[in-house]
Amino acid sequence: MFHRVDKHIHQYFHPLEDLLFLWREKLLEHFYECLPKLEKSFNVSLNGEKFSALTFELTNIIYPLIKKYYIIDDPVQPIQYRLYVQNNERFARVWHNHTEQNQYILGTIYDNIPTKGGEVGFKNKFLEDIIVKPRSNTITLFPYWMYHSPFPHEDNIERICINLAYCSMKKPIHKLIIGGFAIGIML
């Protein structure tokens, strides 16, 4: 199922909760193991042998989804996955984008979503704010140039965010299906 949040932000429903629940403890352990080594970055890589089964499962969901909804080249490298965890005391509210790389489609997948706060802010080309509440079983995709930032939350839980980057040589065009016609929107 496709949900258009904004011209450039799209959400796709997929039953991910069971998969993420199986990996929750390993993800949290990995993040807190790496946390003392983090300098500028607030997230850690999930690429590598330790999480290959998880990233394989996610890629088998995300790659067909991107091919279905976007006109885009094959990736120049495997989809990149990173992990960010925040709680009500530790969070990184940093506005940023990814214009320095060929990461044309970015995405987020959330687990353990708080009830109070924890939204994600985006800024469109006119620097207008777009606030999105993370949802279970949802993949949110957006273009690399959009500034974005996680917002703090009040619940005493560890919110898990798996970030993804689809890297290609050409900028994608999203296929909006309206009345049976495909209308391309350049990201």
# chains A, B, ... in the order shown; residues from 1 in each chain; ligands from 1
>>> residues_around(residues="stretch 161-174 of chain A", least_positions_apart="6", cutoff="7 Å", atoms="only C-alpha atoms", output="ChimeraX atom specification")
/A:69-77,79-85,102-111,184-187
>>> residues_around(residues="A:Val94", least_positions_apart="6", cutoff="10 Å", atoms="only C-alpha atoms", output="NGL selection string")
:A and (42 or 147-151)
>>> write_last_selection(atoms="C-alpha atoms", output="PDB file, in the first residue's frame")
ATOM      1  CA  PHE A  42      25.003   9.234  15.344  1.00  0.00           C
ATOM      2  CA  TYR A 147      16.838  18.027   5.133  1.00  0.00           C
ATOM      3  CA  HIS A 148      15.555  15.767   7.885  1.00  0.00           C
ATOM      4  CA  SER A 149      15.946  15.306  11.631  1.00  0.00           C
ATOM      5  CA  PRO A 150      14.545  13.029  14.323  1.00  0.00           C
ATOM      6  CA  PHE A 151      12.609  14.749  17.097  1.00  0.00           C
TER       7      PHE A 151
END
>>> residues_around(residues="A:Gly121", least_positions_apart="4", cutoff="12 Å", atoms="only C-alpha atoms", output="list in words")
Ile9, Arg93, Val94, Trp95, His96, Asn97, Gly117, Leu127, Glu128, Asp129, Ile130, Ile131, Val132, Lys133, Pro134, Phe142, Met146, Tyr147, His148, Ser149, Pro150, Phe151 and Pro152 of chain A
>>> select_by_dssp(residues="stretch 46-174 of chain A", states="strand (DSSP E)", output="count of residues only")
47
>>> residues_around(residues="A:Lys50", least_positions_apart="2", cutoff="12 Å", atoms="only C-alpha atoms", output="JSON, numbers by chain")
{"A": [23, 26, 27, 29, 30, 45, 46, 47, 48, 52, 53, 54, 55, 56]}
>>> closest_residue(among="A:Arg90, A:Arg159, A:His98, A:Lys175", to="A:Asn112", atoms="only C-alpha atoms")
A:Arg159
>>> atom_distance(atom1="atom CA of A:Met1", atom2="atom CA of A:Pro15")
10.8 Å
>>> residues_around(residues="A:Cys34", least_positions_apart="6", cutoff="10 Å", atoms="only C-alpha atoms", output="list in words")
Leu28, Asn43, Val44 and Ser45 of chain A
>>> closest_residue(among="A:His14, A:Arg4, A:Lys123, A:Lys37", to="A:Ile62", atoms="only C-alpha atoms")
A:His14
>>> closest_residue(among="A:Lys116, A:Lys68, A:Arg24, A:Arg135", to="A:His153", atoms="only C-alpha atoms")
A:Lys116
>>> select_by_dssp(residues="stretch 51-179 of chain A", states="helix (DSSP H, G or I)", output="number ranges by chain")
A: 51-69
>>> write_last_selection(atoms="N, CA, C and O atoms", output="compact mmCIF listing (two decimals), in the first residue's frame")
# COMPACT_ATOMS: atom_id res chain seq x y z
N PHE A 51 24.82 -8.78 10.46
CA PHE A 51 23.42 -8.47 10.16
C PHE A 51 23.06 -8.82 8.72
O PHE A 51 22.07 -8.32 8.19
N SER A 52 23.82 -9.70 8.10
CA SER A 52 23.56 -10.03 6.69
C SER A 52 22.19 -10.68 6.48
O SER A 52 21.54 -10.43 5.47
N ALA A 53 21.74 -11.48 7.43
CA ALA A 53 20.42 -12.10 7.28
C ALA A 53 19.31 -11.04 7.34
O ALA A 53 18.36 -11.08 6.55
N LEU A 54 19.44 -10.08 8.24
CA LEU A 54 18.45 -9.00 8.33
C LEU A 54 18.48 -8.12 7.08
O LEU A 54 17.43 -7.84 6.50
N THR A 55 19.67 -7.69 6.66
CA THR A 55 19.74 -6.81 5.50
C THR A 55 19.31 -7.53 4.22
O THR A 55 18.75 -6.92 3.32
N PHE A 56 19.54 -8.84 4.15
CA PHE A 56 19.06 -9.63 3.02
C PHE A 56 17.53 -9.60 2.97
O PHE A 56 16.93 -9.36 1.92
N GLU A 57 16.89 -9.82 4.13
CA GLU A 57 15.42 -9.77 4.21
C GLU A 57 14.89 -8.39 3.83
O GLU A 57 13.91 -8.27 3.08
N LEU A 58 15.52 -7.35 4.37
CA LEU A 58 15.07 -5.99 4.07
C LEU A 58 15.24 -5.65 2.59
O LEU A 58 14.36 -5.05 1.98
N THR A 59 16.37 -6.05 2.01
CA THR A 59 16.61 -5.78 0.60
C THR A 59 15.59 -6.49 -0.28
O THR A 59 15.13 -5.93 -1.28
N ASN A 60 15.18 -7.69 0.11
CA ASN A 60 14.17 -8.42 -0.65
C ASN A 60 12.80 -7.76 -0.58
O ASN A 60 11.92 -8.07 -1.37
N ILE A 61 12.61 -6.87 0.37
CA ILE A 61 11.38 -6.09 0.48
C ILE A 61 11.55 -4.75 -0.25
O ILE A 61 10.69 -4.34 -1.03
N ILE A 62 12.65 -4.08 0.00
CA ILE A 62 12.84 -2.71 -0.46
C ILE A 62 13.18 -2.62 -1.95
O ILE A 62 12.65 -1.76 -2.66
N TYR A 63 14.03 -3.48 -2.44
CA TYR A 63 14.43 -3.40 -3.85
C TYR A 63 13.22 -3.53 -4.80
O TYR A 63 13.03 -2.68 -5.67
N PRO A 64 12.35 -4.55 -4.62
CA PRO A 64 11.16 -4.61 -5.49
C PRO A 64 10.23 -3.42 -5.32
O PRO A 64 9.61 -2.95 -6.29
N LEU A 65 10.13 -2.89 -4.11
CA LEU A 65 9.29 -1.72 -3.86
C LEU A 65 9.81 -0.52 -4.64
O LEU A 65 9.04 0.19 -5.30
N ILE A 66 11.13 -0.29 -4.60
CA ILE A 66 11.72 0.82 -5.34
C ILE A 66 11.53 0.63 -6.84
O ILE A 66 11.17 1.56 -7.56
N LYS A 67 11.73 -0.58 -7.31
CA LYS A 67 11.56 -0.85 -8.75
C LYS A 67 10.10 -0.66 -9.19
O LYS A 67 9.84 -0.24 -10.30
N LYS A 68 9.17 -0.96 -8.30
CA LYS A 68 7.75 -0.81 -8.62
C LYS A 68 7.34 0.66 -8.69
O LYS A 68 6.56 1.05 -9.56
N TYR A 69 7.84 1.49 -7.79
CA TYR A 69 7.37 2.86 -7.67
C TYR A 69 8.30 3.93 -8.24
O TYR A 69 7.95 5.11 -8.25
